[in-house]
$ cat upload_28.csv   # CSV, C-alpha atoms
chain,number,residue,atom,x,y,z
D,1,MET,CA,19.3,-42.0,-218.8
D,2,ILE,CA,21.9,-42.6,-216.1
D,3,VAL,CA,21.3,-41.2,-212.6
D,4,ARG,CA,23.8,-41.2,-209.8
D,5,ILE,CA,22.8,-40.8,-206.2
D,6,ALA,CA,25.8,-39.4,-204.5
D,7,GLY,CA,27.4,-41.9,-202.2
D,8,GLU,CA,25.2,-44.8,-203.5
D,9,GLY,CA,26.0,-45.5,-207.1
D,10,GLN,CA,24.5,-45.2,-210.6
D,11,PHE,CA,21.1,-46.3,-211.9
D,12,ARG,CA,19.8,-46.7,-215.5
D,13,LEU,CA,16.3,-45.2,-215.9
D,14,PRO,CA,14.0,-45.1,-218.9
D,15,ASP,CA,14.5,-41.8,-220.7
D,16,GLU,CA,10.8,-41.0,-220.2
D,17,ASP,CA,11.6,-40.5,-216.5
D,18,ALA,CA,13.7,-37.4,-217.2
D,19,GLY,CA,10.6,-35.1,-217.4
D,20,ARG,CA,9.1,-36.5,-214.2
D,21,LEU,CA,12.4,-36.2,-212.3
D,22,ASN,CA,13.0,-32.7,-213.6
D,23,GLU,CA,9.6,-31.6,-212.5
D,24,LEU,CA,10.1,-33.0,-209.0
D,25,ASP,CA,13.5,-31.4,-208.9
D,26,ASN,CA,12.1,-28.0,-209.8
D,27,ARG,CA,9.4,-28.3,-207.2
D,28,ALA,CA,11.9,-29.4,-204.6
D,29,VAL,CA,14.0,-26.3,-205.4
D,30,SER,CA,11.1,-23.9,-205.0
D,31,ALA,CA,10.1,-25.6,-201.7
D,32,ALA,CA,13.6,-25.1,-200.5
D,33,GLU,CA,13.7,-21.5,-201.6
D,34,GLN,CA,10.4,-20.9,-199.9
D,35,GLY,CA,11.7,-22.4,-196.6
D,36,ASP,CA,9.1,-25.2,-196.9
D,37,GLU,CA,11.0,-28.0,-195.2
D,38,THR,CA,8.1,-30.5,-195.1
D,39,GLY,CA,7.4,-30.0,-198.8
D,40,PHE,CA,11.0,-30.3,-199.7
D,41,LYS,CA,11.5,-33.6,-197.8
D,42,GLU,CA,8.3,-35.0,-199.4
D,43,LEU,CA,9.5,-34.1,-202.9
D,44,TRP,CA,13.0,-35.3,-202.3
D,45,SER,CA,11.8,-38.7,-201.1
D,46,GLN,CA,9.6,-38.9,-204.2
D,47,MET,CA,12.7,-38.3,-206.4
D,48,LEU,CA,14.6,-41.1,-204.5
D,49,GLU,CA,11.6,-43.4,-204.9
D,50,LEU,CA,11.4,-42.8,-208.6
D,51,VAL,CA,15.0,-43.8,-209.0
D,52,ALA,CA,14.5,-46.8,-206.8
D,53,SER,CA,11.3,-48.0,-208.5
D,54,ASP,CA,12.3,-47.4,-212.2
D,55,GLY,CA,16.1,-47.6,-212.0
D,56,ASN,CA,18.4,-50.6,-212.3
D,57,GLN,CA,21.7,-50.3,-210.5
D,58,LEU,CA,24.6,-50.4,-212.9
D,59,ASP,CA,27.2,-53.2,-212.5
D,60,GLU,CA,30.2,-52.0,-210.5
D,61,ASP,CA,32.5,-52.4,-213.4
D,62,GLU,CA,30.5,-50.3,-215.9
D,63,LEU,CA,32.2,-47.1,-216.8
D,64,VAL,CA,29.8,-44.5,-217.8
D,65,GLU,CA,29.2,-40.9,-217.0
D,66,SER,CA,25.9,-39.9,-215.3
D,67,ASP,CA,23.4,-37.6,-217.0
D,68,VAL,CA,22.3,-36.4,-213.6
D,69,ILE,CA,23.9,-36.6,-210.2
D,70,LEU,CA,21.6,-36.3,-207.2
D,71,PRO,CA,22.8,-35.2,-203.8
D,72,PRO,CA,23.4,-37.7,-201.0
D,73,ARG,CA,20.2,-39.3,-199.7
D,74,ASP,CA,20.7,-37.8,-196.3
D,75,ILE,CA,21.0,-34.2,-197.6
D,76,SER,CA,19.7,-31.9,-194.9
D,77,PHE,CA,17.3,-29.1,-195.6
D,78,ALA,CA,20.0,-26.6,-194.7
D,79,GLU,CA,22.4,-28.2,-197.2
D,80,ALA,CA,19.7,-28.2,-199.9
D,81,ARG,CA,19.1,-24.5,-199.3
D,82,GLY,CA,22.8,-23.8,-199.4
D,83,GLU,CA,22.8,-25.3,-202.8
D,84,PHE,CA,20.8,-22.4,-204.1
D,85,THR,CA,22.4,-19.6,-202.0
D,86,GLY,CA,25.7,-20.2,-203.6
D,87,ASP,CA,27.5,-22.2,-201.0
D,88,GLY,CA,26.9,-25.4,-202.8
D,89,LEU,CA,27.3,-28.9,-201.3
D,90,ILE,CA,30.9,-29.2,-202.3
D,91,PRO,CA,33.1,-26.1,-202.2
D,92,ASP,CA,34.8,-25.7,-205.6
H,93,MET,CA,18.2,-30.0,-215.1
H,94,ALA,CA,18.7,-26.9,-213.1
H,95,GLY,CA,17.8,-27.9,-209.5
H,96,LEU,CA,19.4,-30.2,-207.1
H,97,GLY,CA,20.6,-32.6,-209.8
H,98,GLY,CA,21.8,-29.9,-212.0
H,99,ARG,CA,24.0,-28.2,-209.4
H,100,MET,CA,25.5,-31.5,-208.2
H,101,SER,CA,26.2,-32.6,-211.8
H,102,THR,CA,27.9,-29.3,-212.6
H,103,VAL,CA,30.1,-29.4,-209.6
H,104,ILE,CA,31.1,-33.0,-210.0
H,105,LYS,CA,31.7,-32.7,-213.7
H,106,SER,CA,33.9,-29.7,-213.3
H,107,LYS,CA,35.9,-31.6,-210.8
H,108,ILE,CA,36.3,-34.5,-213.2
H,109,SER,CA,37.3,-32.3,-216.1
H,110,ARG,CA,39.9,-30.6,-214.0
H,111,MET,CA,41.1,-34.0,-213.1
H,112,LEU,CA,41.3,-35.2,-216.7
H,113,ASP,CA,42.6,-31.9,-218.2
H,114,ARG,CA,45.9,-32.4,-216.4
H,115,ALA,CA,46.7,-35.4,-218.5
H,116,GLU,CA,47.2,-34.9,-222.2
H,117,ASP,CA,46.6,-38.4,-223.5
H,118,PRO,CA,44.6,-41.4,-222.2
H,119,GLY,CA,47.6,-43.2,-221.1
H,120,GLU,CA,48.6,-40.3,-218.9
H,121,THR,CA,45.0,-40.0,-217.7
H,122,LEU,CA,45.2,-43.6,-216.5
H,123,ASP,CA,48.6,-43.0,-214.8
H,124,TYR,CA,47.2,-39.8,-213.2
H,125,GLY,CA,44.1,-41.7,-212.2
H,126,TYR,CA,46.2,-44.3,-210.4
H,127,GLN,CA,48.2,-41.7,-208.7
H,128,LYS,CA,45.0,-40.0,-207.5
H,129,GLN,CA,43.6,-43.4,-206.6
H,130,VAL,CA,46.5,-44.2,-204.3
H,131,GLU,CA,46.2,-40.8,-202.7
H,132,MET,CA,42.5,-41.2,-202.3
H,133,LEU,CA,42.6,-44.7,-200.8
H,134,GLN,CA,45.1,-43.4,-198.2
H,135,ASN,CA,42.8,-40.6,-197.4
H,136,VAL,CA,39.8,-43.0,-197.2
H,137,LYS,CA,41.8,-45.2,-194.8
H,138,LYS,CA,42.6,-42.2,-192.6
H,139,GLY,CA,39.0,-41.0,-192.9
H,140,ILE,CA,37.7,-44.4,-191.7
H,141,ALA,CA,40.2,-44.4,-188.9
H,142,ASP,CA,39.0,-40.9,-187.8
H,143,VAL,CA,35.4,-42.1,-187.8
H,144,VAL,CA,36.3,-45.2,-185.7
H,145,THR,CA,38.2,-43.1,-183.2
H,146,ALA,CA,35.3,-40.6,-182.8
H,147,LYS,CA,32.9,-43.5,-182.4
H,148,LYS,CA,35.1,-45.2,-179.7
H,149,ARG,CA,35.2,-42.0,-177.8
H,150,LEU,CA,31.5,-41.6,-177.8
H,151,GLN,CA,31.1,-45.3,-176.8
H,152,MET,CA,33.3,-44.8,-173.8
H,153,GLN,CA,31.2,-41.8,-172.7
H,154,ASN,CA,28.1,-43.9,-173.2
H,155,THR,CA,29.4,-46.6,-170.8
H,156,LYS,CA,30.4,-44.0,-168.2
H,157,LEU,CA,27.0,-42.3,-168.4
H,158,GLU,CA,25.1,-45.6,-168.1
H,159,GLN,CA,27.0,-46.4,-164.9
H,160,GLN,CA,26.2,-43.0,-163.5
H,161,VAL,CA,22.5,-43.4,-164.3
H,162,VAL,CA,22.4,-46.7,-162.3
H,163,LYS,CA,24.3,-45.1,-159.4
H,164,LEU,CA,22.1,-42.0,-159.3
H,165,ASP,CA,19.0,-44.1,-159.5
H,166,THR,CA,20.1,-46.1,-156.5
H,167,GLN,CA,21.0,-43.0,-154.5
H,168,ALA,CA,17.7,-41.4,-155.3
H,169,ARG,CA,15.9,-44.5,-153.9
H,170,GLN,CA,18.1,-44.5,-150.8
H,171,ALA,CA,17.5,-40.8,-150.2
H,172,LEU,CA,13.8,-41.2,-150.7
H,173,SER,CA,13.6,-44.1,-148.3
H,174,GLN,CA,15.2,-41.8,-145.7
H,175,GLY,CA,12.6,-39.2,-146.4
H,176,ARG,CA,15.2,-36.9,-147.9
H,177,ASP,CA,13.2,-35.7,-150.9
H,178,ASP,CA,15.7,-32.9,-151.5
H,179,LEU,CA,18.6,-35.2,-152.1
H,180,ALA,CA,16.5,-37.6,-154.1
H,181,ARG,CA,15.4,-34.8,-156.3
H,182,MET,CA,19.0,-33.7,-156.9
H,183,ALA,CA,20.0,-37.3,-157.8
H,184,LEU,CA,17.0,-37.6,-160.2
H,185,GLU,CA,17.8,-34.3,-161.9
H,186,ARG,CA,21.2,-35.5,-162.6
H,187,LYS,CA,20.0,-38.9,-163.7
H,188,THR,CA,17.6,-37.2,-166.2
H,189,LEU,CA,20.4,-35.0,-167.6
H,190,ALA,CA,22.6,-38.1,-168.1
H,191,GLN,CA,19.7,-40.0,-169.8
H,192,THR,CA,19.1,-37.1,-172.2
H,193,GLU,CA,22.8,-37.2,-173.1
H,194,LEU,CA,22.7,-40.9,-173.5
H,195,GLN,CA,19.9,-40.8,-176.0
H,196,SER,CA,21.8,-38.3,-178.2
H,197,LEU,CA,25.0,-40.3,-177.8
H,198,ASP,CA,23.2,-43.4,-179.1
H,199,THR,CA,22.0,-41.5,-182.2
H,200,GLN,CA,25.5,-40.2,-182.9
H,201,ILE,CA,27.2,-43.5,-182.5
H,202,ASN,CA,24.7,-45.1,-184.9
H,203,GLU,CA,25.4,-42.3,-187.4
H,204,LEU,CA,29.1,-42.7,-187.2
H,205,GLN,CA,28.7,-46.5,-187.6
H,206,GLY,CA,26.7,-45.8,-190.8
H,207,GLN,CA,29.4,-43.4,-192.1
H,208,GLN,CA,32.1,-46.0,-191.4
H,209,GLU,CA,30.2,-48.7,-193.4
H,210,LYS,CA,29.4,-46.4,-196.2
H,211,LEU,CA,33.0,-45.3,-196.7
H,212,THR,CA,34.3,-48.8,-196.6
H,213,GLU,CA,31.7,-49.8,-199.2
H,214,ASN,CA,32.6,-46.8,-201.4
H,215,GLU,CA,36.3,-47.6,-201.2
H,216,GLN,CA,35.6,-51.1,-202.5
H,217,LYS,CA,33.4,-49.7,-205.4
H,218,LEU,CA,36.2,-47.3,-206.5
H,219,ARG,CA,38.7,-50.2,-206.5
H,220,THR,CA,36.4,-52.2,-208.8
H,221,LYS,CA,35.9,-49.3,-211.2
H,222,ILE,CA,39.7,-48.6,-211.5
H,223,GLU,CA,40.2,-52.3,-212.2
H,224,ALA,CA,37.5,-52.3,-214.8
H,225,PHE,CA,39.1,-49.2,-216.4
H,226,ARG,CA,42.5,-50.9,-216.7
H,227,THR,CA,40.9,-53.9,-218.4
H,228,LYS,CA,38.8,-51.8,-220.7
H,229,LYS,CA,41.7,-49.6,-221.8
H,230,GLU,CA,43.5,-52.7,-223.2
H,231,VAL,CA,40.3,-53.9,-225.0
H,232,ILE,CA,39.7,-50.5,-226.5
H,233,LYS,CA,43.3,-50.1,-227.7
H,234,ALA,CA,43.1,-53.5,-229.5
H,235,GLN,CA,39.7,-52.8,-231.1
H,236,TYR,CA,39.7,-49.2,-232.2
H,237,SER,CA,41.8,-46.8,-234.2
H,238,ALA,CA,44.0,-44.5,-232.2
H,239,ALA,CA,41.7,-41.6,-232.5
H,240,GLU,CA,38.6,-43.6,-231.6
H,241,ALA,CA,40.4,-45.3,-228.8
H,242,GLN,CA,41.3,-41.9,-227.3
H,243,VAL,CA,37.6,-40.9,-227.2
H,244,LYS,CA,36.5,-44.2,-225.8
H,245,ILE,CA,39.2,-44.1,-223.1
H,246,SER,CA,38.3,-40.6,-222.2
H,247,GLU,CA,34.7,-41.6,-221.7
H,248,ALA,CA,35.8,-44.5,-219.5
H,249,ALA,CA,38.1,-42.2,-217.6
H,250,SER,CA,35.2,-39.9,-217.0
H,251,GLY,CA,33.3,-42.8,-215.5
H,252,VAL,CA,36.1,-43.5,-213.1
H,253,GLY,CA,36.6,-39.8,-212.4
H,254,GLU,CA,32.9,-39.5,-211.4
H,255,GLU,CA,33.4,-42.3,-208.9
H,256,MET,CA,36.4,-40.7,-207.5
H,257,ALA,CA,34.7,-37.3,-207.2
H,258,ASP,CA,31.7,-39.0,-205.5
H,259,LEU,CA,34.0,-40.7,-203.0
H,260,GLY,CA,35.7,-37.4,-202.4
H,261,LEU,CA,32.3,-35.9,-201.5
H,262,ALA,CA,31.4,-38.9,-199.2
H,263,MET,CA,34.7,-38.4,-197.4
H,264,GLN,CA,34.2,-34.7,-197.0
H,265,ARG,CA,30.8,-35.3,-195.5
H,266,ALA,CA,32.1,-38.0,-193.2
H,267,GLU,CA,34.9,-35.6,-192.0
H,268,GLU,CA,32.4,-32.9,-191.3
H,269,LYS,CA,30.2,-35.2,-189.3
H,270,THR,CA,33.2,-36.6,-187.4
H,271,GLU,CA,34.2,-33.0,-186.6
H,272,THR,CA,30.7,-32.3,-185.3
H,273,MET,CA,30.8,-35.4,-183.1
H,274,ARG,CA,34.3,-34.5,-181.8
H,275,ALA,CA,33.0,-31.1,-180.7
H,276,ARG,CA,30.0,-32.9,-179.2
H,277,ALA,CA,32.2,-35.4,-177.3
H,278,GLY,CA,34.3,-32.5,-176.1
H,279,ALA,CA,31.2,-30.7,-174.8
H,280,VAL,CA,30.0,-33.8,-172.9
H,281,GLU,CA,33.5,-34.2,-171.4
H,282,GLU,CA,33.3,-30.6,-170.2
H,283,LEU,CA,30.0,-31.3,-168.6
H,284,GLU,CA,31.5,-34.3,-166.9
H,285,ALA,CA,34.5,-32.3,-165.7
H,286,ALA,CA,32.1,-29.7,-164.3
H,287,GLY,CA,30.5,-32.5,-162.3
H,288,THR,CA,27.1,-32.3,-164.0
H,289,PHE,CA,26.7,-36.1,-164.0
H,290,ASP,CA,28.5,-36.8,-160.7
H,291,ASP,CA,26.6,-38.9,-158.3
H,292,ILE,CA,25.7,-37.0,-155.2
H,293,THR,CA,28.4,-38.5,-153.0
H,294,GLN,CA,31.0,-36.9,-155.3
H,295,LEU,CA,30.0,-33.3,-155.1
H,296,GLY,CA,33.0,-31.0,-154.9
H,297,SER,CA,33.9,-28.3,-152.4
H,298,GLY,CA,31.1,-26.3,-150.9
H,299,GLN,CA,29.0,-29.4,-151.0
H,300,ASP,CA,30.7,-31.1,-148.0
H,301,ASP,CA,27.6,-30.8,-145.9
H,302,ILE,CA,25.5,-32.7,-148.4
H,303,GLU,CA,28.2,-35.2,-148.8
H,304,ARG,CA,28.5,-35.8,-145.1
H,305,GLN,CA,24.8,-36.1,-144.8
H,306,LEU,CA,24.7,-38.6,-147.5
H,307,GLN,CA,27.5,-40.7,-146.0
H,308,GLU,CA,25.5,-40.6,-142.8
H,309,LEU,CA,22.5,-41.7,-144.8
H,310,THR,CA,24.3,-44.5,-146.5
H,311,SER,CA,25.6,-45.9,-143.3
H,312,GLY,CA,22.3,-45.2,-141.6
H,313,ALA,CA,20.5,-46.9,-144.4
H,314,GLN,CA,22.5,-50.1,-143.9
H,315,VAL,CA,21.4,-50.2,-140.3
H,316,ASP,CA,17.9,-49.3,-141.2
H,317,ASP,CA,17.9,-51.9,-143.9
H,318,GLU,CA,19.0,-54.6,-141.4
H,319,LEU,CA,16.4,-53.3,-139.0
H,320,ALA,CA,13.7,-53.5,-141.6
H,321,LYS,CA,14.7,-57.0,-142.5
H,322,MET,CA,14.6,-58.0,-138.9
H,323,LYS,CA,11.3,-56.4,-138.4
H,324,ALA,CA,10.0,-58.3,-141.5
H,325,GLU,CA,11.3,-61.5,-140.0
H,326,LEU,CA,9.5,-60.8,-136.8
H,327,GLY,CA,6.4,-60.1,-138.9
H,328,SER,CA,6.1,-56.4,-138.1
H,329,GLY,CA,7.2,-54.8,-141.5
H,330,ASP,CA,6.8,-51.1,-141.9
H,331,GLU,CA,6.2,-48.7,-144.9
H,332,GLU,CA,9.8,-48.1,-145.8
H,333,SER,CA,11.1,-51.5,-146.5
H,334,PRO,CA,9.3,-52.0,-149.9
H,335,ALA,CA,11.0,-48.9,-151.3
H,336,LEU,CA,14.4,-50.2,-150.4
H,337,GLU,CA,13.7,-53.6,-151.9
H,338,GLN,CA,12.5,-52.0,-155.1
H,339,GLY,CA,15.6,-49.9,-155.2
H,340,LYS,CA,17.7,-53.0,-155.1
H,341,ASP,CA,15.7,-54.7,-157.9
H,342,ASN,CA,16.2,-51.9,-160.3
H,343,ALA,CA,19.8,-51.2,-159.6

$ encode --input "upload_28.csv" --output "structure tokens"
Amino acid sequence: MIVRIAGEGQFRLPDEDAGRLNELDNRAVSAAEQGDETGFKELWSQMLELVASDGNQLDEDELVESDVILPPRDISFAEARGEFTGDGLIPD
Amino acid sequence: MAGLGGRMSTVIKSKISRMLDRAEDPGETLDYGYQKQVEMLQNVKKGIADVVTAKKRLQMQNTKLEQQVVKLDTQARQALSQGRDDLARMALERKTLAQTELQSLDTQINELQGQQEKLTENEQKLRTKIEAFRTKKEVIKAQYSAAEAQVKISEAASGVGEEMADLGLAMQRAEEKTETMRARAGAVEELEAAGTFDDITQLGSGQDDIERQLQELTSGAQVDDELAKMKAELGSGDEESPALEQGKDNA
């Protein structure tokens, strides 16, 4: 699977990582919804670590669409919460 | 994926599809892509210039405040050596304020520096992708039937589109940060204008008495300083001279 970290580039991960990434993502979302900033930050860094440890960065001239696009590494807790309250990180 | 990744993917992909829908065939998609690229590269250049301007402004404030800190420190020591705890306290209060501002300025300057580097790097990445797209388009045209080529080129165009949408997001975030820093720089300038970091010889109207007292102290201090030195030379040093010497060392 191809994962992009916004602002950093694309990484190729084994397909088996999809489940793990999805699980962390869901937990990060519930932490954000519950206002648990510490929990959110911990889960978010675990997601980034997973991409860093299992992923290989794509060559700059490879042209493929990502399966998942993750927010920028420095996403703030407020921004993450905004993601779920409808504001979104990027206005449409 | 429904969470963070899902939402980001949905937004970016909808941006890409809107970008690609405007062109009816891959050739047009490419032309449109170039047109967008030129616009985007101009925007990136402007974005980087904005970040640099904001950074320079903060750096200037930084230098000014550093000078004030040294000045206020010296004045506090002078006042203290004259037994004027009230004036020393005032100078130290201002020094502390200025130091707090300095710390936050440092963080902000570093953050802007990071933004500047990131945008420059992203701009380079997009250039590489567009170049790869141009090459790939020719290869695909030569190797596949028209219908297949169209699909392949659309895929490649999505790859470029994603890079463009991502750079667009990075730019937007940089602009927001720069905007915050500008407001911050403006606030510090207001504090400066209000005299918050002024050294205590520069207090405005209503403070003339303190100013006069300080001027007296300063000239008095020179005399005392000389006196203390003389006393030391004559081998009869008193309690005040070490404080003055220390003040000089740290200034």

$ closest_residue --input "upload_28.csv" --among "H:Leu197, H:Leu259, H:Ala168, H:Met132" --to "chain D" --atoms "all atoms listed in the file"
H:Leu259

$ residues_near_point --input "upload_28.csv" --point "(18.9, -30.7, -192.5)" --cutoff "12 Å" --atoms "all atoms listed in the file" --output "list of chain:residue names"
D:Ala32, D:Gly35, D:Glu37, D:Thr38, D:Phe40, D:Lys41, D:Pro72, D:Arg73, D:Asp74, D:Ile75, D:Ser76, D:Phe77, D:Ala78, D:Glu79, D:Ala80, D:Arg81, D:Gly82

$ residues_around --input "upload_28.csv" --residues "H:Leu157" --least-positions-apart "6" --cutoff "9 Å" --atoms "all atoms listed in the file" --output "VMD selection string"
chain H and resid 190 to 191 193 to 194 289

$ closest_residue --input "upload_28.csv" --among "D:Ser53, D:Ser66, D:Ser30, D:Asn22" --to "H:Glu254" --atoms "only C-alpha atoms"
D:Ser66

$ residues_around --input "upload_28.csv" --residues "D:Ala18" --least-positions-apart "3" --cutoff "10 Å" --atoms "only C-alpha atoms" --output "list in words"
Met1, Ile2, Val3, Leu13, Pro14, Asp15, Leu21, Asn22, Glu23, Leu24, Asp67 and Val68 of chain D; Met93 of chain H

$ atom_distance --input "upload_28.csv" --atom1 "atom CA of D:Gly7" --atom2 "atom CA of H:Glu215"
10.6 Å

$ interface_residues --input "upload_28.csv" --of "chain D" --to "chain H" --cutoff "8 Å" --atoms "only C-alpha atoms" --output "PyMOL selection string"
chain D and resi 6-8+22+25-26+28-29+60-71+80+83+88-90+92

$ axis_aligned_box --input "upload_28.csv" --around "stretch 204-209 of chain H" --padding-each-side "4 Å" --output "JSON"
{"center_x": 29.4, "center_y": -45.7, "center_z": -190.3, "size_x": 13.4, "size_y": 14.0, "size_z": 14.2}

$ atom_distance --input "upload_28.csv" --atom1 "atom CA of H:Glu268" --atom2 "atom CA of H:Ile140"
12.7 Å

$ atom_distance --input "upload_28.csv" --atom1 "atom CA of H:Asn154" --atom2 "atom CA of H:Glu267"
21.6 Å

$ closest_residue --input "upload_28.csv" --among "D:Arg20, D:Arg4, D:Gln34, D:Arg12" --to "D:Met47" --atoms "only C-alpha atoms"
D:Arg20
